[in-house]
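S.K.: Attaching a single structure in structure tokens format; questions to follow.
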Amino acid sequence: MYKNKINQNKITTKLLHAKGKTMMWWFRLPRFSLFLLVWHAVILTLSFFNWRKKMYTLKTEASFDSAHFLAGYEGKCSNIHGHRWKIIVEVSKEVLSNEIQTRGMVVDFGTLKSDLRQLADQLDHALIIEKDSLKLSTLQALLEEGFRVITFEFRPTAENFSKYIYDEMQNKGYPVKQVVVYETPE
């Protein structure tokens with residue numbers, strides 16, 4: 001009986017090809033194998049949707065104006081120039097809080113906004129430089145003239161600001177999902 005089915009499939013395949021039609025590969029499978037194939041596809045699909053857990057997400061943004069330059073960079077960004085930096089912080093959790101003050105929340109949104117605003121205000125209206133990127137005499141002259149200069153261990157790129165803000169917000173206890181930083185957003 002099994003051989004007959006195989007033979008029937010071969011005959012059917014020959015007939016379909018003879019008529020100029022292409023036969024789907026799954027028509028050639030015995031019925032039980034076809035059942036297993038469909039069953040596995042259903043299980044994989046269901047497990048994918050169960051794998052994706054619910055996430056509750058909040059976003060807030062802040063902006064600041066500052067100048068910077070990229071030491072050692074070949075291009076116009078090697079000169080001092082300014083930006084309006086826009087920061088978007090996204091926090092998320094799988095479960096909402098049950099604590100009295102923050103019940104039904106991911107975090108206290110007001111505190112999140114305030115903490116991000118404080119970070120942005122610290123960077124606002126300053127020249128942000130990488131450590132040792134200016135001659136000491138140039139740095140001293142800027143400081144003597146009353147310019148606000150902020151020095152970081154990293155090159156002041158959008159990517160490094162994103163990492164810096166991510167780390168700072170995470171250190172404050174926020175479940176940070178991502179940080180996006182724009183230079184002079186349109």
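Following the order of the structure tokens, first chain is A, next is B, and so on, with residues numbered from 1 inside each chain and ligands from 1 in the order they appear.
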Write out as a PDB file with C-alpha atoms, in the first residue's frame the residues lying within 9 Å of segment 165-176 of chain A, counting only C-alpha atoms and excluding same-chain residues fewer than 6 positions away.

M.R.:
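Wrote it out as out13.pdb, contents follow:
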ATOM      1  CA  ILE A  87      17.622  63.476  23.415  1.00  0.00           C
ATOM      2  CA  VAL A  89      14.971  58.367  26.380  1.00  0.00           C
ATOM      3  CA  GLU A  90      12.810  55.256  26.314  1.00  0.00           C
ATOM      4  CA  VAL A  91      12.244  53.162  29.444  1.00  0.00           C
ATOM      5  CA  SER A  92      10.315  49.911  29.570  1.00  0.00           C
ATOM      6  CA  LYS A  93       9.309  47.012  31.790  1.00  0.00           C
ATOM      7  CA  VAL A 106       6.721  51.813  34.621  1.00  0.00           C
ATOM      8  CA  VAL A 107       8.376  54.696  36.504  1.00  0.00           C
ATOM      9  CA  LEU A 112      11.953  60.643  34.644  1.00  0.00           C
ATOM     10  CA  ASP A 115      16.129  63.681  35.697  1.00  0.00           C
ATOM     11  CA  LEU A 116      16.561  63.874  31.925  1.00  0.00           C
ATOM     12  CA  LEU A 119      21.221  66.007  32.448  1.00  0.00           C
TER      13      LEU A 119
END

S.K.: Quick check for you: according to DSSP on this backbone, which residues of segment 66-136 of chain A are classed as strand (DSSP E or B)? Reply as number ranges by chain.

M.R.: A: 66-68, 81-93, 127-130

S.K.: When you look at Ser66 of chain A with a cut-off of 8 Å (counting only C-alpha atoms), what residues show up, excluding the ones that are within fewer than 4 positions of it in the same chain? I need them as a compact mmCIF listing (two decimals) with N, CA, C and O atoms, in the first residue's frame.

M.R.:
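Printed below is selection14.txt as written:
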# COMPACT_ATOMS: atom_id res chain seq x y z
N GLY A 82 28.30 74.40 16.63
CA GLY A 82 27.26 74.17 17.62
C GLY A 82 26.08 73.38 17.08
O GLY A 82 25.89 73.27 15.86
N HIS A 83 25.31 72.83 18.00
CA HIS A 83 24.12 72.05 17.66
C HIS A 83 23.03 72.33 18.67
O HIS A 83 23.31 72.70 19.81
N ARG A 84 21.84 72.08 18.26
CA ARG A 84 20.73 71.90 19.19
C ARG A 84 20.57 70.39 19.27
O ARG A 84 20.17 69.74 18.31
N TRP A 85 20.97 69.81 20.38
CA TRP A 85 20.93 68.38 20.59
C TRP A 85 19.56 67.99 21.12
O TRP A 85 19.06 68.61 22.05
N LEU A 123 24.54 70.10 30.29
CA LEU A 123 25.29 70.19 29.04
C LEU A 123 24.95 71.44 28.23
O LEU A 123 25.60 71.73 27.23
N ASP A 124 23.95 72.19 28.67
CA ASP A 124 23.43 73.31 27.90
C ASP A 124 24.39 74.50 27.90
O ASP A 124 24.99 74.83 28.92
N HIS A 125 24.51 75.14 26.74
CA HIS A 125 25.31 76.35 26.54
C HIS A 125 26.73 76.20 27.08
O HIS A 125 27.18 76.96 27.94
N ALA A 126 27.41 75.21 26.55
CA ALA A 126 28.80 74.96 26.94
C ALA A 126 29.58 74.49 25.72
O ALA A 126 29.00 74.08 24.71
N LEU A 127 30.88 74.57 25.83
CA LEU A 127 31.76 73.96 24.85
C LEU A 127 32.13 72.60 25.42
O LEU A 127 32.70 72.51 26.52
N ILE A 128 31.76 71.56 24.72
CA ILE A 128 32.02 70.20 25.20
C ILE A 128 33.21 69.64 24.43
O ILE A 128 33.18 69.58 23.19

S.K.: Tell me which of A:Met105, A:Leu134, A:Ala41, A:Ala120 sits closest to Glu61 of chain A, counting only C-alpha atoms.

M.R.: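 Closest residue, counting only C-alpha atoms: A:Ala120.
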
S.K.: Any idea what the distance is between atom CA of Ile129 of chain A and atom CA of Leu70 of chain A?

M.R.: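 It comes out at 8.1 Å.
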